[in-house]
Every structure is written in C-alpha cells, then in structure tokens.
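Student: You'll find work10.cif just under this line, and it carries mmCIF, C-alpha atoms.
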```cif
data_final
#
loop_
_atom_site.group_PDB
_atom_site.id
_atom_site.type_symbol
_atom_site.label_atom_id
_atom_site.label_comp_id
_atom_site.auth_asym_id
_atom_site.auth_seq_id
_atom_site.Cartn_x
_atom_site.Cartn_y
_atom_site.Cartn_z
ATOM 1 C CA THR A 1 109.075 85.581 94.898
ATOM 2 C CA LEU A 2 106.714 86.144 97.832
ATOM 3 C CA SER A 3 106.376 84.459 101.214
ATOM 4 C CA ASN A 4 103.083 83.183 102.616
ATOM 5 C CA GLY A 5 104.481 83.246 106.151
ATOM 6 C CA PHE A 6 102.924 86.709 106.595
ATOM 7 C CA GLY A 7 101.325 89.418 104.441
ATOM 8 C CA ASP A 8 104.163 89.795 101.943
ATOM 9 C CA SER A 9 103.700 92.040 98.898
ATOM 10 C CA LYS A 10 105.421 93.463 95.842
ATOM 11 C CA THR A 11 104.450 96.496 93.781
ATOM 12 C CA ILE A 12 105.396 96.613 90.096
ATOM 13 C CA GLY A 13 105.495 99.978 88.355
ATOM 14 C CA LEU A 14 103.780 100.206 84.970
ATOM 15 C CA THR A 15 104.820 102.374 82.020
ATOM 16 C CA VAL A 16 102.804 102.375 78.792
ATOM 17 C CA LEU A 17 104.405 103.700 75.601
ATOM 18 C CA ASP A 18 102.821 104.730 72.307
ATOM 19 C CA GLN A 19 104.092 103.675 68.867
ATOM 20 C CA TYR A 20 106.731 106.410 68.985
ATOM 21 C CA GLY A 21 108.152 105.295 72.327
ATOM 22 C CA ASP A 22 106.631 108.210 74.243
ATOM 23 C CA GLU A 23 105.016 107.578 77.612
ATOM 24 C CA LEU A 24 101.219 107.652 77.595
ATOM 25 C CA ASP A 25 99.263 109.494 80.233
ATOM 26 C CA GLU A 26 97.284 107.068 82.404
ATOM 27 C CA THR A 27 94.001 108.640 81.229
ATOM 28 C CA ALA A 28 94.724 107.337 77.705
ATOM 29 C CA TYR A 29 94.246 103.633 78.486
ATOM 30 C CA ASP A 30 92.360 101.088 80.603
ATOM 31 C CA LEU A 31 94.150 98.511 82.739
ATOM 32 C CA ASP A 32 93.113 95.068 83.979
ATOM 33 C CA ALA A 33 95.172 92.464 85.850
ATOM 34 C CA PHE A 34 94.117 88.991 87.005
ATOM 35 C CA VAL A 35 95.381 85.465 87.663
ATOM 36 C CA THR A 36 95.146 83.039 84.713
ATOM 37 C CA LYS A 37 97.034 80.086 86.271
ATOM 38 C CA PRO A 38 95.959 78.158 88.225
ATOM 39 C CA SER A 39 92.673 78.486 86.345
ATOM 40 C CA ASP A 40 90.513 77.837 89.415
ATOM 41 C CA PHE A 41 92.213 80.509 91.560
ATOM 42 C CA ASP A 42 89.749 82.857 93.243
ATOM 43 C CA ASN A 43 91.148 85.443 95.665
ATOM 44 C CA GLY A 44 90.576 89.070 94.699
ATOM 45 C CA GLY A 45 93.079 90.405 97.219
ATOM 46 C CA PHE A 46 96.047 88.653 95.609
ATOM 47 C CA VAL A 47 96.254 91.127 92.706
ATOM 48 C CA THR A 48 95.257 94.789 92.992
ATOM 49 C CA TYR A 49 96.173 97.647 90.674
ATOM 50 C CA THR A 50 95.947 101.323 89.834
ATOM 51 C CA ASP A 51 96.560 103.027 86.486
ATOM 52 C CA THR A 52 100.299 103.130 87.145
ATOM 53 C CA ASP A 53 101.212 100.011 89.149
ATOM 54 C CA ILE A 54 100.237 96.468 90.120
ATOM 55 C CA THR A 55 100.513 95.066 93.657
ATOM 56 C CA ILE A 56 100.681 91.337 94.358
ATOM 57 C CA SER A 57 100.133 90.353 97.990
ATOM 58 C CA THR A 58 99.886 87.123 99.984
ATOM 59 C CA ILE A 59 97.497 89.104 102.238
ATOM 60 C CA ASP A 60 98.059 87.184 105.501
ATOM 61 C CA LYS A 61 99.802 84.097 106.867
ATOM 62 C CA ASP A 62 98.854 80.968 104.877
ATOM 63 C CA GLU A 63 96.184 82.971 102.982
ATOM 64 C CA ILE A 64 97.739 82.054 99.618
ATOM 65 C CA ASP A 65 98.976 78.514 98.948
ATOM 66 C CA ALA A 66 102.594 77.969 97.988
ATOM 67 C CA GLY A 67 103.011 77.542 94.238
ATOM 68 C CA THR A 68 103.490 79.347 90.933
ATOM 69 C CA TYR A 69 100.931 81.868 89.688
ATOM 70 C CA THR A 70 100.592 83.629 86.346
ATOM 71 C CA VAL A 71 99.168 87.151 86.327
ATOM 72 C CA LYS A 72 97.869 88.536 83.033
ATOM 73 C CA VAL A 73 98.061 92.308 82.531
ATOM 74 C CA GLU A 74 95.924 93.896 79.799
ATOM 75 C CA VAL A 75 96.283 97.498 78.646
ATOM 76 C CA SER A 76 93.756 98.728 76.098
ATOM 77 C CA ASP A 77 92.419 101.809 74.383
ATOM 78 C CA ALA A 78 89.764 102.257 71.715
ATOM 79 C CA ASP A 79 91.977 100.730 69.014
ATOM 80 C CA SER A 80 94.034 97.918 70.502
ATOM 81 C CA THR A 81 94.902 95.750 73.495
ATOM 82 C CA LYS A 82 98.399 94.842 74.647
ATOM 83 C CA VAL A 83 99.133 91.953 77.006
ATOM 84 C CA ALA A 84 101.982 91.141 79.397
ATOM 85 C CA TYR A 85 102.437 88.322 81.895
ATOM 86 C CA VAL A 86 103.989 88.248 85.379
ATOM 87 C CA THR A 87 105.052 84.973 86.987
ATOM 88 C CA VAL A 88 104.796 84.927 90.787
ATOM 89 C CA SER A 89 106.355 82.283 93.007
ATOM 90 C CA VAL A 90 104.827 81.941 96.480
ATOM 91 C CA LYS A 91 106.900 79.979 98.993
ATOM 92 C CA LYS A 92 106.314 78.723 102.527
ATOM 93 C CA PRO A 93 109.207 79.698 104.837
ATOM 94 C CA GLU A 94 110.855 77.692 107.557
ATOM 95 C CA ALA A 95 110.211 78.896 111.103
ATOM 96 C CA THR A 96 113.783 79.881 111.975
ATOM 97 C CA VAL A 97 115.291 83.227 110.891
ATOM 98 C CA SER A 98 118.840 82.818 109.549
ATOM 99 C CA TYR A 99 119.508 86.470 108.713
ATOM 100 C CA TYR A 100 117.881 89.878 108.451
ATOM 101 C CA ALA A 101 118.052 92.370 105.595
ATOM 102 C CA ILE A 102 116.977 95.924 104.766
ATOM 103 C CA GLU A 103 114.786 96.210 101.676
ATOM 104 C CA THR A 104 113.374 99.113 99.683
ATOM 105 C CA ASP A 105 110.176 98.972 97.680
ATOM 106 C CA LYS A 106 112.182 99.544 94.473
ATOM 107 C CA THR A 107 115.830 99.356 93.468
ATOM 108 C CA SER A 108 115.687 102.466 91.268
ATOM 109 C CA TYR A 109 113.720 105.703 91.697
ATOM 110 C CA ASP A 110 112.930 108.131 88.888
ATOM 111 C CA LEU A 111 112.588 111.785 89.899
ATOM 112 C CA LYS A 112 110.528 112.710 86.844
ATOM 113 C CA VAL A 113 107.536 114.739 88.040
ATOM 114 C CA LYS A 114 104.312 115.767 86.324
ATOM 115 C CA SER A 115 100.934 117.096 87.406
ATOM 116 C CA THR A 116 99.575 113.565 87.960
ATOM 117 C CA ASP A 117 102.710 112.262 89.690
ATOM 118 C CA THR A 118 104.224 114.840 92.024
ATOM 119 C CA GLU A 119 106.218 112.738 94.480
ATOM 120 C CA GLU A 120 108.823 110.010 94.709
ATOM 121 C CA LYS A 121 109.840 108.376 97.957
ATOM 122 C CA VAL A 122 111.762 105.368 99.201
ATOM 123 C CA GLU A 123 109.840 102.970 101.448
ATOM 124 C CA ILE A 124 112.150 101.062 103.822
ATOM 125 C CA ARG A 125 111.389 97.690 105.461
ATOM 126 C CA VAL A 126 113.356 95.029 107.352
ATOM 127 C CA PHE A 127 112.703 91.305 106.939
ATOM 128 C CA GLY A 128 113.923 88.101 108.542
ATOM 129 C CA TYR A 129 114.813 85.293 106.101
ATOM 130 C CA ASP A 130 115.207 81.545 106.475
ATOM 131 C CA LYS A 131 118.305 79.720 105.253
ATOM 132 C CA LYS A 132 116.800 79.316 101.773
ATOM 133 C CA GLY A 133 116.216 83.057 101.369
ATOM 134 C CA VAL A 134 112.443 83.004 101.938
ATOM 135 C CA LYS A 135 110.996 85.745 104.122
ATOM 136 C CA VAL A 136 109.876 84.534 107.546
ATOM 137 C CA LYS A 137 108.590 87.798 109.003
ATOM 138 C CA GLU A 138 108.749 91.568 108.869
ATOM 139 C CA VAL A 139 110.558 93.395 111.681
ATOM 140 C CA THR A 140 109.480 96.876 112.806
ATOM 141 C CA GLY A 141 110.932 99.204 115.409
ATOM 142 C CA GLU A 142 114.002 97.084 116.180
ATOM 143 C CA VAL A 143 116.602 98.535 113.810
ATOM 144 C CA ASP A 144 118.122 101.998 113.501
ATOM 145 C CA ILE A 145 118.808 102.635 109.803
ATOM 146 C CA THR A 146 121.028 105.362 108.398
ATOM 147 C CA LEU A 147 122.247 106.548 105.011
ATOM 148 C CA SER A 148 125.922 105.606 105.125
ATOM 149 C CA ASN A 149 126.840 107.506 101.977
ATOM 150 C CA GLN A 150 125.054 109.545 99.362
ATOM 151 C CA PRO A 151 125.929 111.788 96.404
ATOM 152 C CA ASP A 152 126.866 115.408 97.071
ATOM 153 C CA ASP A 153 123.940 117.857 97.060
ATOM 154 C CA ASP A 154 125.881 120.745 95.501
ATOM 155 C CA GLY A 155 123.372 121.606 92.772
ATOM 156 C CA LEU A 156 121.283 124.760 93.068
ATOM 157 C CA PHE A 157 118.039 122.754 93.082
ATOM 158 C CA GLU A 158 119.253 119.720 95.039
ATOM 159 C CA PHE A 159 118.868 118.767 98.702
ATOM 160 C CA ALA A 160 120.279 116.081 100.980
ATOM 161 C CA PRO A 161 117.491 113.538 101.609
ATOM 162 C CA GLU A 162 116.951 112.178 105.124
ATOM 163 C CA ILE A 163 115.212 109.149 106.590
ATOM 164 C CA SER A 164 111.911 110.074 108.216
ATOM 165 C CA GLY A 165 110.286 107.143 109.980
ATOM 166 C CA SER A 166 110.481 104.357 107.412
ATOM 167 C CA SER A 167 110.699 106.449 104.244
ATOM 168 C CA ILE A 168 112.847 108.961 102.378
ATOM 169 C CA ASP A 169 111.352 111.813 100.336
ATOM 170 C CA LEU A 170 113.313 112.369 97.119
ATOM 171 C CA VAL A 171 111.322 115.353 95.798
ATOM 172 C CA LYS A 172 110.055 118.353 97.750
ATOM 173 C CA VAL A 173 109.211 122.049 97.378
ATOM 174 C CA ASP A 174 111.340 124.748 98.967
ATOM 175 C CA ASP A 175 112.341 128.394 98.591
ATOM 176 C CA VAL A 176 115.676 128.615 96.772
ATOM 177 C CA GLY A 177 117.927 131.631 97.077
ATOM 178 C CA VAL A 178 119.855 132.735 93.982
ATOM 179 C CA ARG A 179 122.694 135.222 94.348
ATOM 180 C CA VAL A 180 122.061 138.502 92.531
ATOM 181 C CA VAL A 181 124.525 141.337 92.015
ATOM 182 C CA SER A 182 123.057 144.820 92.500
ATOM 183 C CA GLY A 183 125.656 147.554 92.062
ATOM 184 C CA ASP A 184 128.428 146.878 94.564
ATOM 185 C CA SER A 185 126.349 144.557 96.744
ATOM 186 C CA ILE A 186 125.290 140.914 96.482
ATOM 187 C CA ASP A 187 121.705 140.169 97.415
ATOM 188 C CA THR A 188 119.595 137.030 97.274
ATOM 189 C CA ARG A 189 116.657 136.559 94.973
ATOM 190 C CA VAL A 190 114.268 133.967 96.372
ATOM 191 C CA LEU A 191 112.567 131.579 93.950
ATOM 192 C CA ASP A 192 109.373 130.603 95.786
ATOM 193 C CA ASN A 193 107.903 127.095 95.657
ATOM 194 C CA ALA A 194 110.833 125.672 93.721
ATOM 195 C CA VAL A 195 110.914 121.924 93.133
ATOM 196 C CA VAL A 196 114.122 120.474 94.539
ATOM 197 C CA LYS A 197 115.338 116.927 94.041
ATOM 198 C CA ALA A 198 117.747 114.490 95.647
ATOM 199 C CA PRO A 199 121.116 114.189 93.866
ATOM 200 C CA LEU A 200 121.379 111.438 91.273
ATOM 201 C CA GLY A 201 123.483 108.386 92.044
ATOM 202 C CA THR A 202 123.671 105.370 94.338
ATOM 203 C CA TYR A 203 122.680 105.438 98.021
ATOM 204 C CA ARG A 204 123.377 102.841 100.724
ATOM 205 C CA LEU A 205 121.201 102.024 103.737
ATOM 206 C CA VAL A 206 122.866 100.349 106.726
ATOM 207 C CA ALA A 207 121.678 99.092 110.113
ATOM 208 C CA GLU A 208 123.312 100.565 113.211
ATOM 209 C CA ASN A 209 122.479 97.564 115.412
ATOM 210 C CA LYS A 210 121.867 93.797 115.321
ATOM 211 C CA ILE A 211 118.654 91.890 116.004
ATOM 212 C CA ASN A 212 119.115 89.306 118.771
ATOM 213 C CA GLY A 213 122.801 89.166 117.936
ATOM 214 C CA THR A 214 122.221 88.678 114.200
ATOM 215 C CA ALA A 215 123.590 91.285 111.788
ATOM 216 C CA VAL A 216 121.236 93.076 109.399
ATOM 217 C CA ARG A 217 122.362 93.178 105.771
ATOM 218 C CA SER A 218 122.589 96.565 104.079
ATOM 219 C CA THR A 219 121.095 97.509 100.713
ATOM 220 C CA THR A 220 121.553 100.090 97.977
ATOM 221 C CA PHE A 221 119.226 101.957 95.652
ATOM 222 C CA LYS A 222 119.716 104.246 92.672
ATOM 223 C CA VAL A 223 118.208 107.654 91.936
ATOM 224 C CA VAL A 224 117.757 108.649 88.279
ATOM 225 C CA ASP A 225 115.866 111.414 86.493
ATOM 226 C CA SER A 226 114.184 110.987 83.102
ATOM 227 C CA GLN A 227 112.603 114.462 83.177
ATOM 228 C CA LEU A 228 112.397 115.948 79.697
ATOM 229 C CA LYS A 229 115.049 118.648 79.199
ATOM 230 C CA PRO A 230 114.632 122.044 77.518
ATOM 231 C CA VAL A 231 116.264 122.545 74.126
ATOM 232 C CA LEU A 232 118.302 125.684 73.388
ATOM 233 C CA SER A 233 118.848 127.254 69.993
ATOM 234 C CA ILE A 234 121.001 130.287 69.136
ATOM 235 C CA ASP A 235 119.139 132.711 66.889
ATOM 236 C CA ASP A 236 121.831 135.393 66.620
ATOM 237 C CA TYR A 237 125.161 136.400 68.114
ATOM 238 C CA SER A 238 124.439 140.109 68.382
ATOM 239 C CA SER A 239 121.553 142.275 69.487
ATOM 240 C CA GLU A 240 120.552 145.908 69.289
ATOM 241 C CA GLU A 241 119.254 145.740 72.865
ATOM 242 C CA ASN A 242 121.294 147.860 75.310
ATOM 243 C CA ASP A 243 120.504 145.759 78.386
ATOM 244 C CA PRO A 244 122.571 142.549 78.646
ATOM 245 C CA VAL A 245 119.657 140.415 79.893
ATOM 246 C CA GLU A 246 117.364 141.652 77.130
ATOM 247 C CA ALA A 247 120.176 141.018 74.642
ATOM 248 C CA ILE A 248 120.503 137.430 75.833
ATOM 249 C CA LEU A 249 116.760 136.885 75.474
ATOM 250 C CA ASP A 250 116.926 138.456 72.009
ATOM 251 C CA CYS A 251 119.610 135.997 70.877
ATOM 252 C CA ILE A 252 118.324 132.669 72.224
ATOM 253 C CA THR A 253 115.226 130.500 72.037
ATOM 254 C CA VAL A 254 114.330 127.841 74.587
ATOM 255 C CA ARG A 255 111.772 125.158 73.802
ATOM 256 C CA TYR A 256 110.269 122.568 76.099
ATOM 257 C CA ASP A 257 108.381 119.635 74.629
ATOM 258 C CA GLY A 258 108.072 121.587 71.380
ATOM 259 C CA ARG A 259 106.656 124.745 73.009
ATOM 260 C CA LYS A 260 108.584 127.980 72.717
ATOM 261 C CA ALA A 261 109.319 129.525 76.091
ATOM 262 C CA THR A 262 108.179 133.073 76.781
ATOM 263 C CA LYS A 263 110.463 135.665 78.341
ATOM 264 C CA ASP A 264 108.683 135.096 81.646
ATOM 265 C CA ASP A 265 109.676 131.422 81.505
ATOM 266 C CA ILE A 266 113.398 132.249 81.310
ATOM 267 C CA ILE A 267 115.158 133.415 84.468
ATOM 268 C CA ILE A 268 118.624 135.004 84.218
ATOM 269 C CA PRO A 269 119.998 135.986 87.668
ATOM 270 C CA ASP A 270 122.492 138.838 87.606
ATOM 271 C CA HIS A 271 125.506 136.850 88.752
ATOM 272 C CA VAL A 272 128.738 135.535 87.241
ATOM 273 C CA ASP A 273 127.465 131.960 87.682
ATOM 274 C CA PHE A 274 125.022 132.832 84.885
ATOM 275 C CA TYR A 275 126.513 135.679 82.836
ATOM 276 C CA GLN A 276 129.127 138.421 82.856
ATOM 277 C CA ALA A 277 128.872 141.590 80.773
ATOM 278 C CA THR A 278 131.623 143.855 79.463
ATOM 279 C CA SER A 279 131.265 147.117 77.544
ATOM 280 C CA TYR A 280 130.006 145.554 74.323
ATOM 281 C CA SER A 281 129.577 141.830 74.934
ATOM 282 C CA VAL A 282 128.023 139.425 77.388
ATOM 283 C CA ARG A 283 129.381 135.967 78.178
ATOM 284 C CA VAL A 284 126.521 133.618 79.066
ATOM 285 C CA LYS A 285 127.146 130.386 80.960
ATOM 286 C CA LYS A 286 123.569 129.292 81.561
ATOM 287 C CA VAL A 287 119.977 130.406 82.067
ATOM 288 C CA LEU A 288 117.041 128.942 83.982
ATOM 289 C CA TYR A 289 113.850 127.682 82.361
ATOM 290 C CA LYS A 290 110.830 127.682 84.697
ATOM 291 C CA GLN A 291 108.307 124.854 84.258
ATOM 292 C CA ASN A 292 105.180 124.877 86.398
ATOM 293 C CA ILE A 293 104.125 121.468 87.738
ATOM 294 C CA THR A 294 100.440 121.680 88.646
ATOM 295 C CA GLY A 295 99.860 120.640 92.234
ATOM 296 C CA LEU A 296 103.551 120.823 93.130
ATOM 297 C CA GLY A 297 105.515 123.976 92.280
ATOM 298 C CA ASP A 298 107.978 125.426 89.768
ATOM 299 C CA LEU A 299 110.658 123.160 88.342
ATOM 300 C CA TYR A 300 113.735 125.135 87.280
ATOM 301 C CA HIS A 301 115.875 123.605 84.546
ATOM 302 C CA GLU A 302 119.449 124.814 84.157
ATOM 303 C CA VAL A 303 120.045 125.379 80.428
ATOM 304 C CA LYS A 304 123.679 125.521 79.346
ATOM 305 C CA VAL A 305 124.421 128.325 76.858
ATOM 306 C CA ASP A 306 128.217 128.819 76.922
ATOM 307 C CA GLN A 307 128.242 131.590 74.283
ATOM 308 C CA THR A 308 129.287 135.238 73.912
ATOM 309 C CA PHE A 309 126.882 137.774 72.442
ATOM 310 C CA ARG A 310 127.485 141.380 71.385
ATOM 311 C CA TYR A 311 124.986 144.021 72.405
ATOM 312 C CA ASP A 312 124.455 147.765 71.882
ATOM 313 C CA GLN A 313 125.518 149.429 75.108
#
```
Would you put the structure from the file into structure tokens?
Tutor:
Amino acid sequence: TLSNGFGDSKTIGLTVLDQYGDELDETAYDLDAFVTKPSDFDNGGFVTYTDTDITISTIDKDEIDAGTYTVKVEVSDADSTKVAYVTVSVKKPEATVSYYAIETDKTSYDLKVKSTDTEEKVEIRVFGYDKKGVKVKEVTGEVDITLSNQPDDDGLFEFAPEISGSSIDLVKVDDVGVRVVSGDSIDTRVLDNAVVKAPLGTYRLVAENKINGTAVRSTTFKVVDSQLKPVLSIDDYSSEENDPVEAILDCITVRYDGRKATKDDIIIPDHVDFYQATSYSVRVKKVLYKQNITGLGDLYHEVKVDQTFRYDQ
C-alpha cells in the first residue's frame, strides 16, 4: 500500500532462480515491468526497475490517483519468459496525523556479498500516519533514533553496526587482527581488507523523543546471511609432514562452490583457537578459507574441523 499524499515509494527485491533452484546472475536475463491494470494508465515514473529490484512510487502529492494497480514483471532469456504480478493499492490520506512510526526499507537484510553486489545497508525513515494507517507525510530531522538492542558482535569477522545519518551499514572492509603464537610471545597477524559483517539476528530501532507530543513507534529488522559455505573433507588422519600446519593441509581438502581450495586459500593462525600441537599429533578446531570478493575485499570463512591428526615430528 502506498500513499498519494506525498512521494511515497516501495522497492521490491528480485531474485531469479534457475531450474535447479540456484540464483541466476543478473547478466543472464532481461527484465521488464509495467502496469497492466488499469489498461489506460500512462505514467512512466510509477514503476522503475533495475536488474535486481523494482521500485513503485507515487512520485509527488496527488500525482497518482487512488486505486488498485497491477504491475506485470517479465523475466526472460533466450529460451523462456517467466511472469509475476504485483498488486499495488494507492490510498489518499486524511490530513491529520494520528501517530508516527519508524520504518526501514526492508524487514530482512541478507549479508550475502558477491562481485556485483558488495554492500547491504538499512535505510531508515519516519512517517506520520492517519487514523486508518495511511501515510500522511514523511518527517525528517525531528527524531533521534537509536539501536536499543542488537546481537553480540563477538565473532572474529563481526562488527557492531551504528546509525550514520539515516542509514546503517551492515557490511564493511576492515583490517582484522588474529592472535599468533611465536615462541613464548603472542603477536598479532593482520588480515588486510577483510570483509566484516554485522551479527545475525533481530535489531530494534527506537525514537528517543516525541513529535509534537506524539510518540513515535519503534520497529525491528532481521539480519540473515545466505552466503555459500565452504565444504570440508578429511582425506587422511596422519601425515608424513613434520610441520603441524603442513600436516593439517596434507590431511584436509576445502572446496567452495565445487572448486578445490589451494594452500594459499587456507589460513591457519598459530593459536589454540585454531589448533594445538603435541609431540606427535595436532588437534585442529578450525581453519580459515579466504574468498576474494572483487571490488570489496577478502571474505574469511571459518571452517570447523574438530579432528586430531598424527604427523611426523
């Protein structure tokens, strides 16, 4: 539902799957979206689109008449065309604001990154609504909004997101320090340009003040991650290598999206969080798989091993 009391809009994310349920790259198809009902509708600004989303906008006050509209979405390649329909209700609001509410552009955010999609952020807006729940206006600069609670950022490649202006970045690049044991000392190995993500879970946004004595309703959003995970296989439980790290690499194979990782792709910091060696065996908790995301940085996947290997010391 959209309001024609101002330039209201809604963006709908688009995911196209092949016959196996795998997501298609946007270069693999063509997209078209247009209004089919009412049949005589003619306003090109009402529906706009990219390869990955569709935006429906009432453009300006009273620009689009109140009513029900049907938007047809066509996705096609050289062999076939698939069709979906979106029903849009445009309503005219009453003049009086009954309540205010915080809104985000989506209710769920996926932290999956790839070379053609290297960011994910929350866009925050505040609207005034009439007594029937129709937006009357957008409010800017009148409300202080904070994150009242959020999941713990205790993962090695996690960070605590913050509100900046009217948005929250959920993915960024940073230098991450990994503890490394060297003899009797503990040093830090810095992983440059590491992709770090916000913790998964539910976040709440709350207003710290009222607008003209009227409270502003809070909202929540979820953060998920559908990033493909590496797959580990154990090739052997013993190695003739006399270095524990080389022995680990000799005994395991890591694959990502069917591709076998090279030794350079696997990072094993010399610390008990990852492995601990004795005279003839090494207990491995986890390793890191490094995936380069073009245009962003290196995404480090933690790969659970939880095995003991013998080696020739």
Student: To one decimal place, how far is atom CA of A:Leu14 from atom CA of A:Leu2 in Å?
Tutor: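 Taking atom CA of A:Leu14 as the start and atom CA of A:Leu2 as the end point, the length is 19.3 Å.
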Student: Please indicate the distance in Å from atom CA of A:Val126 to atom CA of A:Lys112, rounded to one decimal place.
Tutor: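 Calculated distance between atom CA of A:Val126 and atom CA of A:Lys112 is 27.2 Å.
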Student: If we count all atoms listed in the file, what is near A:Ser233 at a cut-off of 8 Å, once residues fewer than 4 positions away on the same chain are taken out, given as a list in words?
Tutor: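 Here the answer would be Ile252, Thr253 and Val254 of chain A.
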Student: Run the PyMOL selection byres ((chain A and resi 160-163) around 10) on the file and write out the hits as a list in words.
Tutor: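 Selected by the PyMOL selection byres ((chain A and resi 160-163) around 10) in this file: Lys121, Val122, Glu123, Ile124, Ile145, Thr146, Leu147, Gln150, Pro151, Asp152, Asp153, Asp154, Glu158, Phe159, Ser164, Gly165, Ser166, Ser167, Ile168, Asp169, Leu170, Val171, Lys172, Val196, Lys197, Ala198, Pro199 and Leu205 of chain A.
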Student: Would you kindly return, as a PDB file with C-alpha atoms, in the coordinates of the input, each protein, DNA or RNA residue with an atom no farther than 10 Å from any atom of stretch 25-33 of chain A, considering all atoms listed in the file and excluding same-chain residues fewer than 4 positions away?
Tutor:
```pdb
ATOM      1  CA  LEU A  14     103.780 100.206  84.970  1.00  0.00           C
ATOM      2  CA  THR A  15     104.820 102.374  82.020  1.00  0.00           C
ATOM      3  CA  VAL A  16     102.804 102.375  78.792  1.00  0.00           C
ATOM      4  CA  LEU A  17     104.405 103.700  75.601  1.00  0.00           C
ATOM      5  CA  ASP A  18     102.821 104.730  72.307  1.00  0.00           C
ATOM      6  CA  VAL A  47      96.254  91.127  92.706  1.00  0.00           C
ATOM      7  CA  THR A  48      95.257  94.789  92.992  1.00  0.00           C
ATOM      8  CA  TYR A  49      96.173  97.647  90.674  1.00  0.00           C
ATOM      9  CA  THR A  50      95.947 101.323  89.834  1.00  0.00           C
ATOM     10  CA  ASP A  51      96.560 103.027  86.486  1.00  0.00           C
ATOM     11  CA  THR A  52     100.299 103.130  87.145  1.00  0.00           C
ATOM     12  CA  ASP A  53     101.212 100.011  89.149  1.00  0.00           C
ATOM     13  CA  ILE A  54     100.237  96.468  90.120  1.00  0.00           C
ATOM     14  CA  THR A  55     100.513  95.066  93.657  1.00  0.00           C
ATOM     15  CA  VAL A  71      99.168  87.151  86.327  1.00  0.00           C
ATOM     16  CA  LYS A  72      97.869  88.536  83.033  1.00  0.00           C
ATOM     17  CA  VAL A  73      98.061  92.308  82.531  1.00  0.00           C
ATOM     18  CA  GLU A  74      95.924  93.896  79.799  1.00  0.00           C
ATOM     19  CA  VAL A  75      96.283  97.498  78.646  1.00  0.00           C
ATOM     20  CA  SER A  76      93.756  98.728  76.098  1.00  0.00           C
ATOM     21  CA  ASP A  77      92.419 101.809  74.383  1.00  0.00           C
ATOM     22  CA  ALA A  78      89.764 102.257  71.715  1.00  0.00           C
ATOM     23  CA  SER A  80      94.034  97.918  70.502  1.00  0.00           C
ATOM     24  CA  THR A  81      94.902  95.750  73.495  1.00  0.00           C
ATOM     25  CA  LYS A  82      98.399  94.842  74.647  1.00  0.00           C
ATOM     26  CA  VAL A  83      99.133  91.953  77.006  1.00  0.00           C
ATOM     27  CA  ALA A  84     101.982  91.141  79.397  1.00  0.00           C
ATOM     28  CA  TYR A  85     102.437  88.322  81.895  1.00  0.00           C
ATOM     29  CA  VAL A  86     103.989  88.248  85.379  1.00  0.00           C
ATOM     30  CA  THR A 116      99.575 113.565  87.960  1.00  0.00           C
TER      31      THR A 116
END
```
Student: Could you tell me, as number ranges by chain, exactly which residues end up selected when the PyMOL selection byres ((chain A and resi 103) around 9) is applied to this structure?
Tutor: A: 101-102, 104-107, 123-127, 205, 218-220
Student: Identify which of the residues A:Ser281, A:Thr87, A:Gly133, A:Phe157 lies closest to A:Glu240, counting all atoms listed in the file when measuring atom-to-atom distances.
Tutor: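 Smallest separation from A:Glu240 among the options: A:Ser281.
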Student: Name the residues in contact with A:Lys210 at a cut-off of 9 Å, using all atoms listed in the file, excluding same-chain residues fewer than 5 positions from it; report them as a PyMOL selection string.
Tutor: chain A and resi 100+142-143+215-216
Student: Which residues would end up in the selection if the PyMOL selection byres ((chain A and resi 255) around 9) were applied here, given that I need the answer as number ranges by chain?
Tutor: A: 230-233, 253-254, 256-261
Student: So how many Å separate atom CA of A:Arg179 and atom CA of A:Val223, to one decimal?
Tutor: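 About the pair atom CA of A:Arg179 and atom CA of A:Val223: they are 28.0 Å apart.
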Student: Write out as lines of an AutoDock Vina configuration file an axis-aligned box for stretch 42-50 of chain A: all of its atoms listed in the file, 4 Å added on each side, centre and edge lengths in Å with one decimal.
Tutor:
```
center_x = 93.0
center_y = 92.1
center_z = 93.5
size_x = 14.5
size_y = 26.5
size_z = 15.4
```
